[in-house]
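Engineer: You'll find my_file_21.txt just under this line, and it carries compact mmCIF, C-alpha atoms and all ligand atoms.
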# COMPACT_ATOMS: atom_id res chain seq x y z
CA MET A 570 0.00 0.00 0.00
CA GLU A 571 1.33 3.47 -0.95
CA GLU A 572 2.57 5.51 2.02
CA GLY A 573 1.95 9.03 0.63
CA LYS A 574 2.71 11.61 3.35
CA GLY A 575 3.12 8.85 5.95
CA ARG A 576 1.02 6.32 7.83
CA VAL A 577 -1.33 7.45 10.60
CA CYS A 578 -3.45 5.32 12.93
CA VAL A 579 -6.99 6.38 13.88
CA THR A 580 -8.61 4.27 16.60
CA GLY A 581 -12.41 4.06 16.55
CA GLY A 582 -12.83 4.33 12.79
CA THR A 583 -16.55 3.55 12.98
CA GLY A 584 -17.08 6.54 15.29
CA PHE A 585 -18.34 9.97 14.32
CA ILE A 586 -15.13 11.88 15.01
CA GLY A 587 -12.81 9.03 13.98
CA SER A 588 -14.43 8.63 10.56
CA TRP A 589 -14.18 12.37 9.84
CA ILE A 590 -10.50 12.34 10.79
CA ILE A 591 -9.95 9.40 8.42
CA LYS A 592 -11.70 11.26 5.60
CA ARG A 593 -9.49 14.32 6.09
CA LEU A 594 -6.28 12.29 6.37
CA LEU A 595 -7.05 10.39 3.16
CA GLU A 596 -7.88 13.65 1.35
CA ASP A 597 -4.59 15.13 2.61
CA GLY A 598 -2.53 12.23 1.19
CA TYR A 599 -1.87 10.15 4.31
CA THR A 600 -2.10 6.38 4.49
CA VAL A 601 -4.48 5.42 7.30
CA ASN A 602 -4.59 2.40 9.59
CA THR A 603 -7.88 2.41 11.44
CA THR A 604 -9.26 0.08 14.10
CA VAL A 605 -12.80 -1.25 14.45
CA ARG A 606 -14.13 -3.79 16.92
CA ALA A 607 -14.30 -7.36 15.64
CA ASP A 608 -17.70 -8.21 14.24
CA PRO A 609 -18.09 -12.01 14.32
CA GLY A 610 -21.54 -11.83 12.67
CA GLN A 611 -20.07 -9.54 9.98
CA ASN A 612 -23.15 -7.35 10.04
CA LYS A 613 -21.29 -4.10 10.59
CA ASP A 614 -21.37 -1.99 7.45
CA VAL A 615 -18.06 -0.13 7.05
CA SER A 616 -18.69 0.88 3.44
CA PHE A 617 -18.83 4.54 4.59
CA LEU A 618 -15.10 4.07 5.28
CA THR A 619 -14.12 1.83 2.38
CA ASN A 620 -15.97 4.11 -0.09
CA LEU A 621 -14.10 7.24 1.01
CA PRO A 622 -11.96 8.90 -1.69
CA ASN A 623 -8.47 7.26 -1.77
CA ALA A 624 -9.59 4.50 0.64
CA THR A 625 -8.92 1.69 -1.85
CA GLN A 626 -5.24 2.64 -2.07
CA LYS A 627 -4.63 4.12 1.38
CA LEU A 628 -7.00 2.72 4.03
CA ASN A 629 -6.24 -0.39 6.12
CA ILE A 630 -8.84 -1.66 8.58
CA PHE A 631 -7.69 -3.63 11.66
CA ASN A 632 -9.68 -5.31 14.44
CA ALA A 633 -8.89 -4.05 17.94
CA ASP A 634 -10.71 -3.74 21.26
CA LEU A 635 -9.85 -1.57 24.28
CA SER A 636 -10.51 -4.63 26.47
CA ASN A 637 -7.40 -6.15 24.87
CA PRO A 638 -4.96 -3.23 24.62
CA LYS A 639 -2.30 -5.24 22.76
CA SER A 640 -4.80 -5.74 19.92
CA PHE A 641 -3.89 -2.19 18.76
CA ASN A 642 -0.19 -3.01 18.24
CA ALA A 643 -0.47 -4.10 14.61
CA ALA A 644 -2.40 -0.97 13.61
CA ILE A 645 0.16 1.31 15.27
CA GLU A 646 3.23 -0.35 13.74
CA GLY A 647 4.95 1.87 11.19
CA CYS A 648 2.77 4.92 11.96
CA ILE A 649 4.06 8.46 12.38
CA GLY A 650 0.98 9.54 14.34
CA VAL A 651 -1.95 8.13 16.28
CA PHE A 652 -5.35 9.73 16.77
CA HIS A 653 -6.88 7.83 19.70
CA THR A 654 -10.64 8.48 19.52
CA ALA A 655 -12.10 5.08 20.52
CA THR A 656 -13.76 5.08 23.91
CA PRO A 657 -16.61 3.25 25.63
CA ILE A 658 -19.70 5.48 25.48
CA ASP A 659 -22.15 4.07 27.99
CA PHE A 660 -24.60 6.86 28.81
CA GLU A 661 -27.28 4.27 29.73
CA LEU A 662 -24.98 2.87 32.46
CA GLU A 663 -25.19 -0.69 31.19
CA GLU A 664 -21.87 -1.54 32.87
CA PRO A 665 -20.49 -0.50 36.26
CA GLU A 666 -18.49 2.72 36.13
CA GLU A 667 -15.29 1.10 37.36
CA ILE A 668 -15.33 -1.38 34.45
CA VAL A 669 -15.87 1.37 31.89
CA THR A 670 -13.15 3.50 33.49
CA LYS A 671 -10.67 0.60 33.66
CA ARG A 672 -11.27 -0.29 30.00
CA THR A 673 -10.83 3.35 28.97
CA ILE A 674 -7.57 3.79 30.90
CA ASP A 675 -6.05 0.36 30.19
CA GLY A 676 -6.89 0.70 26.50
CA ALA A 677 -5.35 4.18 26.26
CA LEU A 678 -2.20 3.16 28.16
CA GLY A 679 -1.80 0.02 26.03
CA ILE A 680 -1.96 2.18 22.92
CA LEU A 681 0.61 4.58 24.40
CA LYS A 682 2.94 1.69 25.22
CA ALA A 683 2.82 0.59 21.58
CA CYS A 684 3.55 4.20 20.59
CA LYS A 685 6.50 4.40 22.99
CA ASN A 686 7.97 1.19 21.54
CA SER A 687 7.48 2.37 17.97
CA LYS A 688 10.53 3.57 16.05
CA THR A 689 8.46 5.71 13.69
CA LEU A 690 5.92 7.50 15.88
CA LYS A 691 6.18 11.27 16.30
CA ARG A 692 2.97 12.38 18.04
CA VAL A 693 -0.20 11.06 19.68
CA ILE A 694 -3.45 13.03 19.58
CA TYR A 695 -5.75 11.89 22.38
CA THR A 696 -9.43 12.89 22.25
CA SER A 697 -10.51 13.79 25.76
CA SER A 698 -13.77 15.58 26.50
CA ALA A 699 -15.18 18.69 28.16
CA SER A 700 -16.74 16.23 30.60
CA ALA A 701 -13.21 15.87 32.01
CA VAL A 702 -13.29 19.57 32.90
CA TYR A 703 -16.63 21.09 33.81
CA THR A 704 -18.00 19.13 36.81
CA GLN A 705 -16.70 21.12 39.77
CA ASP A 706 -17.94 22.75 42.94
CA LYS A 707 -17.41 26.21 41.44
CA GLU A 708 -18.64 27.89 38.29
CA GLU A 709 -16.17 29.75 36.10
CA ASP A 710 -16.61 31.66 32.85
CA THR A 711 -13.19 30.60 31.60
CA MET A 712 -11.37 27.34 32.26
CA ASP A 713 -7.89 26.21 31.20
CA GLU A 714 -5.65 23.14 31.46
CA SER A 715 -5.56 23.40 35.24
CA TYR A 716 -9.28 22.63 35.56
CA TRP A 717 -10.46 19.05 36.02
CA SER A 718 -13.82 17.49 36.75
CA ASP A 719 -14.11 16.30 40.33
CA VAL A 720 -14.72 12.54 40.09
CA ASN A 721 -16.00 12.48 43.69
CA ILE A 722 -18.78 14.89 42.72
CA LEU A 723 -19.57 12.79 39.64
CA ARG A 724 -19.65 9.57 41.68
CA THR A 725 -21.79 11.13 44.42
CA LEU A 726 -24.31 13.23 42.47
CA LYS A 727 -24.43 10.92 39.43
CA PRO A 728 -25.52 13.51 36.82
CA PHE A 729 -26.34 12.35 33.27
CA ALA A 730 -23.44 10.38 31.72
CA TRP A 731 -21.52 10.57 35.00
CA SER A 732 -19.56 7.35 34.48
CA TYR A 733 -18.40 8.61 31.06
CA GLY A 734 -17.22 11.82 32.82
CA VAL A 735 -15.26 9.80 35.38
CA SER A 736 -13.67 7.63 32.69
CA LYS A 737 -12.68 10.61 30.53
CA THR A 738 -11.26 12.58 33.49
CA LEU A 739 -9.13 9.76 34.86
CA ALA A 740 -8.07 8.58 31.39
CA GLU A 741 -6.82 12.03 30.31
CA LYS A 742 -4.86 12.38 33.54
CA ALA A 743 -3.32 8.91 33.02
CA VAL A 744 -2.50 9.71 29.37
CA LEU A 745 -0.74 12.99 30.24
CA GLU A 746 1.16 11.34 33.09
CA PHE A 747 2.35 8.55 30.77
CA GLY A 748 3.52 11.15 28.24
CA GLU A 749 5.47 13.03 30.94
CA GLN A 750 7.07 9.85 32.30
CA HIS A 751 8.11 8.46 28.93
CA GLY A 752 8.83 11.63 26.94
CA LEU A 753 6.07 10.88 24.45
CA ASP A 754 4.69 13.83 22.47
CA ILE A 755 0.98 13.75 23.37
CA VAL A 756 -1.63 16.40 22.59
CA THR A 757 -4.99 16.07 24.31
CA LEU A 758 -8.05 17.66 22.72
CA VAL A 759 -11.03 18.66 24.86
CA PRO A 760 -14.07 18.96 22.59
CA PRO A 761 -17.34 20.14 24.13
CA PHE A 762 -20.15 18.77 21.96
CA VAL A 763 -19.39 17.60 18.42
CA VAL A 764 -22.52 16.84 16.54
CA ASP A 765 -23.84 15.98 13.12
CA LEU A 766 -26.36 18.77 12.50
CA SER A 767 -28.36 16.68 10.03
CA PHE A 768 -28.73 14.02 12.74
CA VAL A 769 -29.97 16.61 15.25
CA LEU A 770 -32.42 18.06 12.74
CA SER A 771 -33.80 14.62 11.81
CA TYR A 772 -34.12 13.83 15.55
CA LEU A 773 -35.97 17.10 16.23
CA ALA A 774 -38.19 16.57 13.19
CA ARG A 775 -39.75 13.60 15.00
CA PHE A 776 -41.32 16.06 17.45
CA ILE A 777 -42.87 18.28 14.81
CA VAL A 778 -46.59 17.68 14.51
CA TYR A 779 -48.11 18.76 11.25
N1 LIG B 801 -19.07 13.65 19.89
C1 LIG B 801 -18.87 14.48 20.89
O1 LIG B 801 -19.69 15.38 21.14
C2 LIG B 801 -17.64 14.37 21.74
C3 LIG B 801 -17.39 15.39 22.67
C4 LIG B 801 -16.26 15.32 23.46
C5 LIG B 801 -15.37 14.29 23.32
N2 LIG B 801 -15.62 13.31 22.43
C6 LIG B 801 -14.65 12.21 22.37
O2 LIG B 801 -14.31 11.99 21.02
C7 LIG B 801 -14.05 10.61 20.82
C8 LIG B 801 -14.91 10.09 19.70
O3 LIG B 801 -16.28 10.36 20.02
P1 LIG B 801 -17.44 10.11 18.97
O4 LIG B 801 -18.47 11.13 19.23
O5 LIG B 801 -16.87 9.97 17.62
O6 LIG B 801 -18.01 8.73 19.52
P2 LIG B 801 -18.65 7.48 18.73
O7 LIG B 801 -19.22 7.92 17.44
O8 LIG B 801 -19.57 6.81 19.71
O9 LIG B 801 -17.40 6.56 18.47
C9 LIG B 801 -16.79 5.85 19.52
C10 LIG B 801 -15.86 4.84 18.90
O10 LIG B 801 -15.23 4.09 19.95
C11 LIG B 801 -15.33 2.71 19.60
N3 LIG B 801 -15.32 1.87 20.79
C12 LIG B 801 -16.19 1.86 21.82
N4 LIG B 801 -15.86 0.90 22.70
C13 LIG B 801 -14.75 0.31 22.21
C14 LIG B 801 -13.92 -0.75 22.64
N5 LIG B 801 -14.17 -1.44 23.78
N6 LIG B 801 -12.85 -1.10 21.89
C15 LIG B 801 -12.58 -0.45 20.73
N7 LIG B 801 -13.32 0.56 20.25
C16 LIG B 801 -14.40 0.93 20.99
C17 LIG B 801 -16.64 2.59 18.86
O11 LIG B 801 -16.67 1.38 18.12
P3 LIG B 801 -18.04 0.62 17.80
O12 LIG B 801 -18.54 1.21 16.51
O13 LIG B 801 -17.62 -0.80 17.68
O14 LIG B 801 -18.98 0.87 18.96
C18 LIG B 801 -16.57 3.84 17.99
O15 LIG B 801 -15.77 3.61 16.86
C19 LIG B 801 -14.29 9.92 22.16
O16 LIG B 801 -13.06 9.75 22.81
C20 LIG B 801 -15.18 10.89 22.90
O17 LIG B 801 -15.00 10.78 24.30
C21 LIG B 801 -16.73 13.32 21.64
Could you show the structure in this file as structure tokens?
Structural biologist:
Amino acid sequence: MEEGKGRVCVTGGTGFIGSWIIKRLLEDGYTVNTTVRADPGQNKDVSFLTNLPNATQKLNIFNADLSNPKSFNAAIEGCIGVFHTATPIDFELEEPEEIVTKRTIDGALGILKACKNSKTLKRVIYTSSASAVYTQDKEEDTMDESYWSDVNILRTLKPFAWSYGVSKTLAEKAVLEFGEQHGLDIVTLVPPFVVDLSFVLSYLARFIVY
């Protein structure tokens, strides 16, 4: 497969943000390794990825799961960059928070270990979340890198998506600490709410009564 500008890994290729990153990387001339969870029944339609412009020549799809951090190794090999977007999103609280948090942290650290051992990797972009920042006992108009959500408040008050907030807060801290300890170039992004407007409009349209 042609390398173009270099090979970049995007975890969570089936996700909203991951798939947009893949599209942009392919358009910009990068070769992309992406990860999706194994689909034994083979019902998952990934044609929205394989049909992207340049995908035939430059997109490789690997199976990997955060529950098995080493499963990401093959996708990271030979890459110059990793965008780690995959994360458990369990707003309905189907699993206990500590399991979701452990999977999020162990998965991220496993990916970072593969990056540390790589001879080609230059930078890791980790997608955190505003939920790692805004749950605090004080309200501020402006927040910076020194602000973190208080996981004790999340665990006690249990607001909507609280376990996701705990997992994203503790995972970003663990990711930054790993970067410091091992001299890995890691950038964390803290998006607030990234949304497909057409999805929101079609959702809202269900409430319109003619
Ligand atoms: N969208 C937002 O508003 C927003 C805001 C702030 C931060 N973020 C962050 O941005 C990143 C991407 O979010 P998104 O909105 O694109 O979410 P998404 O569409 O739900 O995508 C999540 C991705 O993670 C994968 N995933 C979940 N559990 C996994 C596991 N155990 N092993 C491997 N992959 C797993 C999913 O794979 P499957 O398809 O197999 O489920 C999917 O590809 C996340 O880190 C999220 O915290 C998003």
Engineer: Given only C-alpha atoms and all ligand atoms as the basis, pick out the residue of A:Glu646, A:Asp719, A:Glu741, A:Glu746 nearest to ligand LIG 801 (chain B).
Structural biologist: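 Comparing A:Glu646, A:Asp719, A:Glu741, A:Glu746 against ligand LIG 801 (chain B), the winner is A:Glu741.
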Engineer: Using all atoms listed in the file, which residue out of A:Ser640, A:Thr625, A:Ser687, A:Gln705 lies closest to ligand LIG 801 (chain B)?
Structural biologist: A:Ser640
Engineer: May I have a table of the residues of chain A lying at most 9 Å from ligand LIG 801 (chain B), giving each one's closest pair of atoms and their distance in Å to one decimal, counting all atoms listed in the file, ordered by chain and ascending residue number, as JSON lines?
Structural biologist:
{"residue": "A:Thr580", "atom": "CA", "partner": "B:LIG801", "partner_atom": "N7", "distance": 7.0}
{"residue": "A:Gly581", "atom": "CA", "partner": "B:LIG801", "partner_atom": "O15", "distance": 3.4}
{"residue": "A:Gly582", "atom": "CA", "partner": "B:LIG801", "partner_atom": "O15", "distance": 5.1}
{"residue": "A:Thr583", "atom": "CA", "partner": "B:LIG801", "partner_atom": "O15", "distance": 4.0}
{"residue": "A:Gly584", "atom": "CA", "partner": "B:LIG801", "partner_atom": "O9", "distance": 3.2}
{"residue": "A:Phe585", "atom": "CA", "partner": "B:LIG801", "partner_atom": "O5", "distance": 3.6}
{"residue": "A:Ile586", "atom": "CA", "partner": "B:LIG801", "partner_atom": "O5", "distance": 3.7}
{"residue": "A:Gly587", "atom": "CA", "partner": "B:LIG801", "partner_atom": "O5", "distance": 5.5}
{"residue": "A:Ser588", "atom": "CA", "partner": "B:LIG801", "partner_atom": "O5", "distance": 7.6}
{"residue": "A:Trp589", "atom": "CA", "partner": "B:LIG801", "partner_atom": "O5", "distance": 8.6}
{"residue": "A:Thr604", "atom": "CA", "partner": "B:LIG801", "partner_atom": "N7", "distance": 7.4}
{"residue": "A:Val605", "atom": "CA", "partner": "B:LIG801", "partner_atom": "O13", "distance": 5.8}
{"residue": "A:Arg606", "atom": "CA", "partner": "B:LIG801", "partner_atom": "O13", "distance": 4.7}
{"residue": "A:Ala607", "atom": "CA", "partner": "B:LIG801", "partner_atom": "O13", "distance": 7.6}
{"residue": "A:Asp608", "atom": "CA", "partner": "B:LIG801", "partner_atom": "O13", "distance": 8.2}
{"residue": "A:Lys613", "atom": "CA", "partner": "B:LIG801", "partner_atom": "O12", "distance": 8.4}
{"residue": "A:Asn632", "atom": "CA", "partner": "B:LIG801", "partner_atom": "C15", "distance": 8.5}
{"residue": "A:Ala633", "atom": "CA", "partner": "B:LIG801", "partner_atom": "C15", "distance": 5.9}
{"residue": "A:Asp634", "atom": "CA", "partner": "B:LIG801", "partner_atom": "N6", "distance": 3.5}
{"residue": "A:Leu635", "atom": "CA", "partner": "B:LIG801", "partner_atom": "N6", "distance": 3.9}
{"residue": "A:Ser636", "atom": "CA", "partner": "B:LIG801", "partner_atom": "N5", "distance": 5.6}
{"residue": "A:Asn637", "atom": "CA", "partner": "B:LIG801", "partner_atom": "N6", "distance": 8.0}
{"residue": "A:Pro638", "atom": "CA", "partner": "B:LIG801", "partner_atom": "N6", "distance": 8.6}
{"residue": "A:His653", "atom": "CA", "partner": "B:LIG801", "partner_atom": "O16", "distance": 7.2}
{"residue": "A:Thr654", "atom": "CA", "partner": "B:LIG801", "partner_atom": "C7", "distance": 4.2}
{"residue": "A:Ala655", "atom": "CA", "partner": "B:LIG801", "partner_atom": "O10", "distance": 3.3}
{"residue": "A:Thr656", "atom": "CA", "partner": "B:LIG801", "partner_atom": "O10", "distance": 4.3}
{"residue": "A:Pro657", "atom": "CA", "partner": "B:LIG801", "partner_atom": "N4", "distance": 3.8}
{"residue": "A:Ile658", "atom": "CA", "partner": "B:LIG801", "partner_atom": "O8", "distance": 5.9}
{"residue": "A:Asp659", "atom": "CA", "partner": "B:LIG801", "partner_atom": "N4", "distance": 8.8}
{"residue": "A:Val669", "atom": "CA", "partner": "B:LIG801", "partner_atom": "N5", "distance": 8.7}
{"residue": "A:Arg672", "atom": "CA", "partner": "B:LIG801", "partner_atom": "N5", "distance": 7.0}
{"residue": "A:Thr673", "atom": "CA", "partner": "B:LIG801", "partner_atom": "N5", "distance": 7.8}
{"residue": "A:Gly676", "atom": "CA", "partner": "B:LIG801", "partner_atom": "N6", "distance": 7.7}
{"residue": "A:Tyr695", "atom": "CA", "partner": "B:LIG801", "partner_atom": "O16", "distance": 7.6}
{"residue": "A:Thr696", "atom": "CA", "partner": "B:LIG801", "partner_atom": "O16", "distance": 4.8}
{"residue": "A:Ser697", "atom": "CA", "partner": "B:LIG801", "partner_atom": "C5", "distance": 5.5}
{"residue": "A:Ser698", "atom": "CA", "partner": "B:LIG801", "partner_atom": "C5", "distance": 3.8}
{"residue": "A:Ala699", "atom": "CA", "partner": "B:LIG801", "partner_atom": "C4", "distance": 5.9}
{"residue": "A:Ser700", "atom": "CA", "partner": "B:LIG801", "partner_atom": "C4", "distance": 7.2}
{"residue": "A:Tyr733", "atom": "CA", "partner": "B:LIG801", "partner_atom": "O17", "distance": 7.9}
{"residue": "A:Gly734", "atom": "CA", "partner": "B:LIG801", "partner_atom": "O17", "distance": 8.9}
{"residue": "A:Lys737", "atom": "CA", "partner": "B:LIG801", "partner_atom": "O17", "distance": 6.7}
{"residue": "A:Leu758", "atom": "CA", "partner": "B:LIG801", "partner_atom": "C5", "distance": 8.1}
{"residue": "A:Val759", "atom": "CA", "partner": "B:LIG801", "partner_atom": "C5", "distance": 6.3}
{"residue": "A:Pro760", "atom": "CA", "partner": "B:LIG801", "partner_atom": "C4", "distance": 4.3}
{"residue": "A:Pro761", "atom": "CA", "partner": "B:LIG801", "partner_atom": "C3", "distance": 5.0}
{"residue": "A:Phe762", "atom": "CA", "partner": "B:LIG801", "partner_atom": "O1", "distance": 3.5}
{"residue": "A:Val763", "atom": "CA", "partner": "B:LIG801", "partner_atom": "O1", "distance": 3.5}
{"residue": "A:Val764", "atom": "CA", "partner": "B:LIG801", "partner_atom": "O1", "distance": 5.6}
{"residue": "A:Asp765", "atom": "CA", "partner": "B:LIG801", "partner_atom": "N1", "distance": 8.6}
Engineer: Please report the interatomic distance between CA of Lys671 (chain A) and CA of Ser736 (chain A) in Å with one decimal.
Structural biologist: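 If I compute the distance from CA of Lys671 (chain A) to CA of Ser736 (chain A), I get 7.7 Å.
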Engineer: From the set A:Leu595, A:Lys574, A:Glu709, A:Ile630, which residue has the shortest atom-to-atom contact distance to Ser616 (chain A), counting only C-alpha atoms?
Structural biologist: A:Ile630
Engineer: Dump as a ChimeraX atom specification all residues having an atom at most 7 Å from (-1.2, 1.8, 20.2), computed in the file's coordinates with only C-alpha atoms.
Structural biologist: /A:641-642,645,679-684
Engineer: Could you check how far CA of Trp731 (chain A) sits from CA of Ile668 (chain A), in Å to one decimal?
Structural biologist: 13.5 Å
Engineer: Select, from A:Asn612, A:Ser732, A:Thr600, A:Asn686, the residue with the minimum atom-to-atom distance to Gly752 (chain A), counting all atoms listed in the file.
Structural biologist: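 Nearest candidate to Gly752 (chain A) out of A:Asn612, A:Ser732, A:Thr600, A:Asn686: A:Asn686.
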Engineer: Using Å and a single decimal, report how far CA of Glu714 (chain A) sits from CA of Val702 (chain A).
Structural biologist: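 We find that CA of Val702 (chain A) and CA of Glu714 (chain A) lie 8.6 Å from each other.
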Engineer: I need the residue nearest Ala643 (chain A) from this list: A:Lys592, A:Ala730, A:Thr689, A:Cys578. Use all atoms listed in the file for the distance.
Structural biologist: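 Nearest candidate to Ala643 (chain A) out of A:Lys592, A:Ala730, A:Thr689, A:Cys578: A:Cys578.
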Engineer: Counting all atoms listed in the file, which residues have an atom no more than 10 Å from (-2.4, 10.3, 7.7) in the file's coordinates? Please list them as a list in words.
Structural biologist: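 Looking at atoms near the point gives Glu572, Gly573, Lys574, Gly575, Arg576, Val577, Cys578, Val579, Ile590, Ile591, Lys592, Arg593, Leu594, Leu595, Glu596, Asp597, Gly598, Tyr599, Thr600, Val601, Asn602, Lys627, Leu628, Cys648, Ile649, Gly650, Val651 and Phe652 of chain A.
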Engineer: Taking into account all atoms listed in the file, which residue in the set A:Leu618, A:Leu662, A:Ile755, A:Ile777 is nearest to Ala743 (chain A)?
Structural biologist: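 So, comparing all the options, the nearest one is A:Ile755.
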Engineer: Working from the structure I just supplied, which lacks atoms in region 609-627 of chain A, can you model N, CA, C and O atoms there and output them as a PDB file, keeping the file's coordinate frame?
Structural biologist:
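Generated file (selection_6.pdb):
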ATOM      1  N   PRO A 609     -18.012 -10.595  14.722  1.00  0.00           N
ATOM      2  CA  PRO A 609     -18.090 -12.010  14.320  1.00  0.00           C
ATOM      3  C   PRO A 609     -19.251 -12.290  13.358  1.00  0.00           C
ATOM      4  O   PRO A 609     -19.126 -13.090  12.443  1.00  0.00           O
ATOM      5  N   GLY A 610     -20.388 -11.608  13.549  1.00  0.00           N
ATOM      6  CA  GLY A 610     -21.540 -11.830  12.670  1.00  0.00           C
ATOM      7  C   GLY A 610     -21.394 -11.161  11.318  1.00  0.00           C
ATOM      8  O   GLY A 610     -22.181 -11.382  10.399  1.00  0.00           O
ATOM      9  N   GLN A 611     -20.359 -10.300  11.200  1.00  0.00           N
ATOM     10  CA  GLN A 611     -20.070  -9.540   9.980  1.00  0.00           C
ATOM     11  C   GLN A 611     -21.267  -8.751   9.468  1.00  0.00           C
ATOM     12  O   GLN A 611     -21.518  -8.666   8.274  1.00  0.00           O
ATOM     13  N   ASN A 612     -22.004  -8.173  10.435  1.00  0.00           N
ATOM     14  CA  ASN A 612     -23.150  -7.350  10.040  1.00  0.00           C
ATOM     15  C   ASN A 612     -22.817  -5.865   9.987  1.00  0.00           C
ATOM     16  O   ASN A 612     -23.609  -5.062   9.521  1.00  0.00           O
ATOM     17  N   LYS A 613     -21.624  -5.515  10.530  1.00  0.00           N
ATOM     18  CA  LYS A 613     -21.290  -4.100  10.590  1.00  0.00           C
ATOM     19  C   LYS A 613     -20.926  -3.582   9.196  1.00  0.00           C
ATOM     20  O   LYS A 613     -20.046  -4.130   8.534  1.00  0.00           O
ATOM     21  N   ASP A 614     -21.609  -2.547   8.773  1.00  0.00           N
ATOM     22  CA  ASP A 614     -21.370  -1.990   7.450  1.00  0.00           C
ATOM     23  C   ASP A 614     -20.300  -0.889   7.562  1.00  0.00           C
ATOM     24  O   ASP A 614     -20.541   0.153   8.185  1.00  0.00           O
ATOM     25  N   VAL A 615     -19.121  -1.148   7.013  1.00  0.00           N
ATOM     26  CA  VAL A 615     -18.060  -0.130   7.050  1.00  0.00           C
ATOM     27  C   VAL A 615     -17.830   0.464   5.658  1.00  0.00           C
ATOM     28  O   VAL A 615     -16.777   1.029   5.383  1.00  0.00           O
ATOM     29  N   SER A 616     -18.858   0.352   4.797  1.00  0.00           N
ATOM     30  CA  SER A 616     -18.690   0.880   3.440  1.00  0.00           C
ATOM     31  C   SER A 616     -18.522   2.401   3.450  1.00  0.00           C
ATOM     32  O   SER A 616     -17.929   2.969   2.533  1.00  0.00           O
ATOM     33  N   PHE A 617     -19.028   3.079   4.522  1.00  0.00           N
ATOM     34  CA  PHE A 617     -18.830   4.540   4.590  1.00  0.00           C
ATOM     35  C   PHE A 617     -17.347   4.867   4.762  1.00  0.00           C
ATOM     36  O   PHE A 617     -16.923   5.979   4.472  1.00  0.00           O
ATOM     37  N   LEU A 618     -16.565   3.881   5.214  1.00  0.00           N
ATOM     38  CA  LEU A 618     -15.100   4.070   5.280  1.00  0.00           C
ATOM     39  C   LEU A 618     -14.444   3.601   3.983  1.00  0.00           C
ATOM     40  O   LEU A 618     -13.634   4.319   3.394  1.00  0.00           O
ATOM     41  N   THR A 619     -14.813   2.392   3.556  1.00  0.00           N
ATOM     42  CA  THR A 619     -14.120   1.830   2.380  1.00  0.00           C
ATOM     43  C   THR A 619     -14.475   2.589   1.097  1.00  0.00           C
ATOM     44  O   THR A 619     -13.731   2.518   0.115  1.00  0.00           O
ATOM     45  N   ASN A 620     -15.592   3.334   1.104  1.00  0.00           N
ATOM     46  CA  ASN A 620     -15.970   4.110  -0.090  1.00  0.00           C
ATOM     47  C   ASN A 620     -15.408   5.536  -0.083  1.00  0.00           C
ATOM     48  O   ASN A 620     -15.669   6.308  -1.009  1.00  0.00           O
ATOM     49  N   LEU A 621     -14.662   5.886   0.975  1.00  0.00           N
ATOM     50  CA  LEU A 621     -14.100   7.240   1.010  1.00  0.00           C
ATOM     51  C   LEU A 621     -13.097   7.428  -0.132  1.00  0.00           C
ATOM     52  O   LEU A 621     -12.423   6.456  -0.527  1.00  0.00           O
ATOM     53  N   PRO A 622     -12.967   8.656  -0.656  1.00  0.00           N
ATOM     54  CA  PRO A 622     -11.960   8.900  -1.690  1.00  0.00           C
ATOM     55  C   PRO A 622     -10.570   8.471  -1.205  1.00  0.00           C
ATOM     56  O   PRO A 622     -10.203   8.755  -0.059  1.00  0.00           O
ATOM     57  N   ASN A 623      -9.835   7.767  -2.033  1.00  0.00           N
ATOM     58  CA  ASN A 623      -8.470   7.260  -1.770  1.00  0.00           C
ATOM     59  C   ASN A 623      -8.434   6.040  -0.851  1.00  0.00           C
ATOM     60  O   ASN A 623      -7.358   5.512  -0.568  1.00  0.00           O
ATOM     61  N   ALA A 624      -9.603   5.605  -0.330  1.00  0.00           N
ATOM     62  CA  ALA A 624      -9.590   4.500   0.640  1.00  0.00           C
ATOM     63  C   ALA A 624      -9.044   3.210   0.020  1.00  0.00           C
ATOM     64  O   ALA A 624      -8.325   2.455   0.677  1.00  0.00           O
ATOM     65  N   THR A 625      -9.371   2.948  -1.233  1.00  0.00           N
ATOM     66  CA  THR A 625      -8.920   1.690  -1.850  1.00  0.00           C
ATOM     67  C   THR A 625      -7.405   1.582  -1.802  1.00  0.00           C
ATOM     68  O   THR A 625      -6.863   0.516  -1.504  1.00  0.00           O
ATOM     69  N   GLN A 626      -6.712   2.693  -2.046  1.00  0.00           N
ATOM     70  CA  GLN A 626      -5.240   2.640  -2.070  1.00  0.00           C
ATOM     71  C   GLN A 626      -4.628   2.865  -0.685  1.00  0.00           C
ATOM     72  O   GLN A 626      -3.528   2.409  -0.413  1.00  0.00           O
ATOM     73  N   LYS A 627      -5.331   3.609   0.191  1.00  0.00           N
ATOM     74  CA  LYS A 627      -4.630   4.120   1.380  1.00  0.00           C
ATOM     75  C   LYS A 627      -5.287   3.800   2.721  1.00  0.00           C
ATOM     76  O   LYS A 627      -4.833   4.296   3.756  1.00  0.00           O
TER      77      LYS A 627
END
